[in-house]
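Student: Handing you a structure now.
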Amino acid sequence: MAIVSPELGRHSWPVMASHDGLAARLGELLGAAIIDITVHAGETSVLVARDALVAVIAALRDAPDLRLNQLTDLCAADYPDRAERFEVVIHLLSMAHNLRLRVRCTTDGTAPVPSLTSLYPNAGWYERETWDCYGVMFAGNPDMRRILTDYGFEGHPFRKDFPLSGHVELRWSEEHKRVVYEPVKLAQDFRSFDFLSPWEGTDYVLPGDEKAGAK
């Protein structure tokens, strides 16, 4: 199991807990809820079943030898080629043992992920950000609203298939005396070039290009 070095009190700098034996301890504690455990660059990451997420996090928080009682971050990543394209990533911290652990679960974007607000109240804000940016729902979150994008925003901007220009644009309307939303309109005058260089392969002459052939 993870143990802080006994040399901690002899140094002025922090000493991180060893991850030796942590994978075995997680297997013992979480059992069948574990799908995979990876250790890379001195960090341990555990992939767990989505339906078991709350029980897993509670066990990690309450185990005396782990005491991962701080949720420092909850976010997501999008892998469009996967059947369950969204990976929810939770970072836990134990101040008592100076130990960090990454817990992950997956969803297809339709199946909701269990909310962690009953265990960590600050999870509510992180879950709202994840919903807003990726469209991942959290079952049990009492305030599942957008938090970063504007009112009336369409789609979820961190998805890999979300257009860079967005779906709508806003402008001030003198006619209505307010900000209005309209479908995105892109000017194409300077967009018919290849991707090798924006200055080559065009069927028009840009201002100043006539000087390039001058002697």
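Each chain in the structure tokens gets a letter, A, B, ..., in the order shown, and its residues are numbered from 1; ligands are numbered from 1 in order too.
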List as a PyMOL selection string the protein and nucleic acid residues near segment 29-43 of chain A, meaning an atom at most 9 Å away when only C-alpha atoms are counted, but skip any in the same chain fewer than 4 places from it.

Tutor: chain A and resi 18-19+23-25+47-53+55-56+59-60+63+100-102

Student: Can you write out the residues you just picked, keeping N, CA and C atoms, as a compact mmCIF listing (two decimals), in the first residue's frame?

Tutor:
```txt
# COMPACT_ATOMS: atom_id res chain seq x y z
N SER A 18 5.04 6.64 -1.89
CA SER A 18 5.41 5.61 -2.86
C SER A 18 4.16 4.94 -3.40
N HIS A 19 4.18 4.62 -4.69
CA HIS A 19 3.06 3.90 -5.31
C HIS A 19 3.31 2.39 -5.31
N ALA A 23 -1.32 -0.70 -6.70
CA ALA A 23 -2.21 -1.43 -7.62
C ALA A 23 -2.81 -2.65 -6.94
N ALA A 24 -1.99 -3.37 -6.18
CA ALA A 24 -2.51 -4.54 -5.46
C ALA A 24 -3.52 -4.13 -4.41
N ARG A 25 -3.26 -3.02 -3.74
CA ARG A 25 -4.20 -2.54 -2.71
C ARG A 25 -5.52 -2.12 -3.35
N LEU A 47 -9.17 2.61 -14.13
CA LEU A 47 -10.41 2.69 -14.90
C LEU A 47 -11.43 1.78 -14.23
N VAL A 48 -12.61 2.34 -13.91
CA VAL A 48 -13.61 1.58 -13.16
C VAL A 48 -14.93 1.58 -13.92
N ALA A 49 -15.81 0.65 -13.54
CA ALA A 49 -17.14 0.58 -14.14
C ALA A 49 -17.94 1.82 -13.76
N ARG A 50 -18.64 2.36 -14.73
CA ARG A 50 -19.38 3.61 -14.49
C ARG A 50 -20.41 3.47 -13.37
N ASP A 51 -21.14 2.39 -13.36
CA ASP A 51 -22.20 2.20 -12.36
C ASP A 51 -21.65 2.06 -10.94
N ALA A 52 -20.37 1.71 -10.83
CA ALA A 52 -19.76 1.51 -9.50
C ALA A 52 -18.99 2.74 -9.04
N LEU A 53 -19.07 3.84 -9.77
CA LEU A 53 -18.21 4.99 -9.51
C LEU A 53 -18.37 5.54 -8.09
N ALA A 55 -19.50 4.14 -5.33
CA ALA A 55 -18.99 3.19 -4.34
C ALA A 55 -17.46 3.16 -4.34
N VAL A 56 -16.87 3.26 -5.53
CA VAL A 56 -15.41 3.26 -5.65
C VAL A 56 -14.81 4.49 -4.97
N ALA A 59 -15.07 4.32 -1.22
CA ALA A 59 -14.10 3.39 -0.64
C ALA A 59 -12.71 4.00 -0.58
N LEU A 60 -12.33 4.71 -1.63
CA LEU A 60 -11.01 5.36 -1.65
C LEU A 60 -10.92 6.49 -0.62
N ALA A 63 -10.97 4.58 3.14
CA ALA A 63 -9.95 3.61 3.53
C ALA A 63 -8.86 4.31 4.35
N ARG A 100 -1.63 10.96 -4.67
CA ARG A 100 -2.59 11.33 -5.69
C ARG A 100 -3.00 10.09 -6.48
N LEU A 101 -4.26 10.10 -6.93
CA LEU A 101 -4.78 8.97 -7.71
C LEU A 101 -5.74 9.50 -8.76
N ARG A 102 -5.64 8.94 -9.96
CA ARG A 102 -6.55 9.29 -11.04
C ARG A 102 -7.56 8.15 -11.23
```

Student: Output as a list of chain:residue names all residues of segment 116-174 of chain A that backbone DSSP marks as alpha helix (DSSP H).

Tutor: A:Ala123, A:Gly124, A:Trp125, A:Tyr126, A:Glu127, A:Arg128, A:Glu129, A:Thr130, A:Trp131, A:Asp132, A:Cys133, A:Tyr134

Student: Please produce a file of the residues just selected, as a PDB file, in the first residue's frame, where the atoms kept are N, CA and C atoms.

Tutor:
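File produced: selection31.pdb:
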```
ATOM      1  N   ALA A 123     -17.791  18.813  -6.310  1.00  0.00           N
ATOM      2  CA  ALA A 123     -17.940  18.105  -7.582  1.00  0.00           C
ATOM      3  C   ALA A 123     -19.042  18.725  -8.431  1.00  0.00           C
ATOM      4  N   GLY A 124     -19.997  19.407  -7.790  1.00  0.00           N
ATOM      5  CA  GLY A 124     -21.106  19.988  -8.532  1.00  0.00           C
ATOM      6  C   GLY A 124     -20.663  20.946  -9.616  1.00  0.00           C
ATOM      7  N   TRP A 125     -19.708  21.819  -9.307  1.00  0.00           N
ATOM      8  CA  TRP A 125     -19.212  22.780 -10.292  1.00  0.00           C
ATOM      9  C   TRP A 125     -18.450  22.080 -11.409  1.00  0.00           C
ATOM     10  N   TYR A 126     -17.596  21.118 -11.045  1.00  0.00           N
ATOM     11  CA  TYR A 126     -16.844  20.393 -12.062  1.00  0.00           C
ATOM     12  C   TYR A 126     -17.779  19.624 -12.998  1.00  0.00           C
ATOM     13  N   GLU A 127     -18.824  19.016 -12.433  1.00  0.00           N
ATOM     14  CA  GLU A 127     -19.757  18.258 -13.259  1.00  0.00           C
ATOM     15  C   GLU A 127     -20.530  19.170 -14.201  1.00  0.00           C
ATOM     16  N   ARG A 128     -20.864  20.366 -13.739  1.00  0.00           N
ATOM     17  CA  ARG A 128     -21.537  21.326 -14.608  1.00  0.00           C
ATOM     18  C   ARG A 128     -20.628  21.755 -15.765  1.00  0.00           C
ATOM     19  N   GLU A 129     -19.353  21.960 -15.478  1.00  0.00           N
ATOM     20  CA  GLU A 129     -18.408  22.311 -16.536  1.00  0.00           C
ATOM     21  C   GLU A 129     -18.298  21.174 -17.551  1.00  0.00           C
ATOM     22  N   THR A 130     -18.246  19.942 -17.059  1.00  0.00           N
ATOM     23  CA  THR A 130     -18.120  18.790 -17.952  1.00  0.00           C
ATOM     24  C   THR A 130     -19.367  18.630 -18.803  1.00  0.00           C
ATOM     25  N   TRP A 131     -20.528  18.840 -18.213  1.00  0.00           N
ATOM     26  CA  TRP A 131     -21.775  18.798 -18.985  1.00  0.00           C
ATOM     27  C   TRP A 131     -21.788  19.894 -20.036  1.00  0.00           C
ATOM     28  N   ASP A 132     -21.409  21.093 -19.647  1.00  0.00           N
ATOM     29  CA  ASP A 132     -21.439  22.231 -20.548  1.00  0.00           C
ATOM     30  C   ASP A 132     -20.502  22.008 -21.736  1.00  0.00           C
ATOM     31  N   CYS A 133     -19.293  21.551 -21.474  1.00  0.00           N
ATOM     32  CA  CYS A 133     -18.273  21.449 -22.514  1.00  0.00           C
ATOM     33  C   CYS A 133     -18.349  20.169 -23.333  1.00  0.00           C
ATOM     34  N   TYR A 134     -18.789  19.058 -22.709  1.00  0.00           N
ATOM     35  CA  TYR A 134     -18.781  17.767 -23.396  1.00  0.00           C
ATOM     36  C   TYR A 134     -20.169  17.154 -23.574  1.00  0.00           C
TER      37      TYR A 134
END
```

Student: Looking at only C-alpha atoms, which of A:Leu68, A:Ile57, A:Val113, A:Val168 is the one that sits closest to Glu87 of chain A?

Tutor: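 Of the candidates, the smallest distance to Glu87 of chain A is held by A:Val113.
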
Student: How many Å separate atom CA of Thr72 of chain A from atom CA of Val103 of chain A?

Tutor: 11.8 Å

Student: Give the answer as one residue: which of A:Gly109, A:Pro121, A:Pro80, A:Pro183 has the shortest atom-to-atom distance to Asp143 of chain A, using only C-alpha atoms?

Tutor: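 Looking only at the distances to Asp143 of chain A, the closest residue turns out to be A:Pro121.
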
Student: Taking 4 positions as the minimum chain separation for residues in the same chain, which residues sit within 7 Å of Val54 of chain A when counting only C-alpha atoms? Answer as a list of chain:residue names.

Tutor: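 After dropping sequence-adjacent residues, the list is A:Ala58, A:Pro114, A:Leu116.
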
Student: Any chance you could export the current selection's N, CA and C atoms as a JSON list (two decimals), in the first residue's frame?

Tutor:
```json
[["chain", "number", "residue", "atom", "x", "y", "z"],
["A", 58, "ALA", "N", -16.14, 6.43, -2.72],
["A", 58, "ALA", "CA", -16.38, 6.38, -1.27],
["A", 58, "ALA", "C", -15.37, 5.46, -0.59],
["A", 114, "PRO", "N", -22.85, 8.66, -12.64],
["A", 114, "PRO", "CA", -23.32, 9.00, -11.29],
["A", 114, "PRO", "C", -22.62, 10.22, -10.72],
["A", 116, "LEU", "N", -20.99, 12.79, -8.04],
["A", 116, "LEU", "CA", -20.19, 12.63, -6.82],
["A", 116, "LEU", "C", -20.51, 13.72, -5.79]]
```

Student: Find the distance between atom CA of Thr149 of chain A and atom CA of Leu119 of chain A and write it in Å to one decimal.

Tutor: 26.5 Å

Student: Name the residues in contact with Asp81 of chain A at a cut-off of 12 Å, using only C-alpha atoms, excluding same-chain residues fewer than 6 positions from it; report them as a count of residues only.

Tutor: 3

Student: If you run DSSP over the backbone, which residues in segment 21-205 of chain A end up strand (DSSP E)? Put them as a ChimeraX atom specification.

Tutor: /A:34-40,43-48,70-78,86-94,99-107,113-114,138-139,168-173,178-183

Student: Quote the spacing between atom CA of Asp20 of chain A and atom CA of Leu71 of chain A in Å to one decimal place.

Tutor: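 Rounded to one decimal, the two atoms are 22.2 Å apart.
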
Student: For Gly152 of chain A, list every protein, DNA or RNA residue within 12 Å, evaluated using only C-alpha atoms, and leave out those in the same chain fewer than 3 positions away; present the list as number ranges by chain.

Tutor: A: 132, 145-149, 155-156, 167-170, 180-182

Student: Between A:Phe138, A:Val184, A:Arg67, A:Ser118, which has the minimum distance to Pro163 of chain A (counting only C-alpha atoms)?

Tutor: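 The answer is A:Val184, which sits nearest to Pro163 of chain A.
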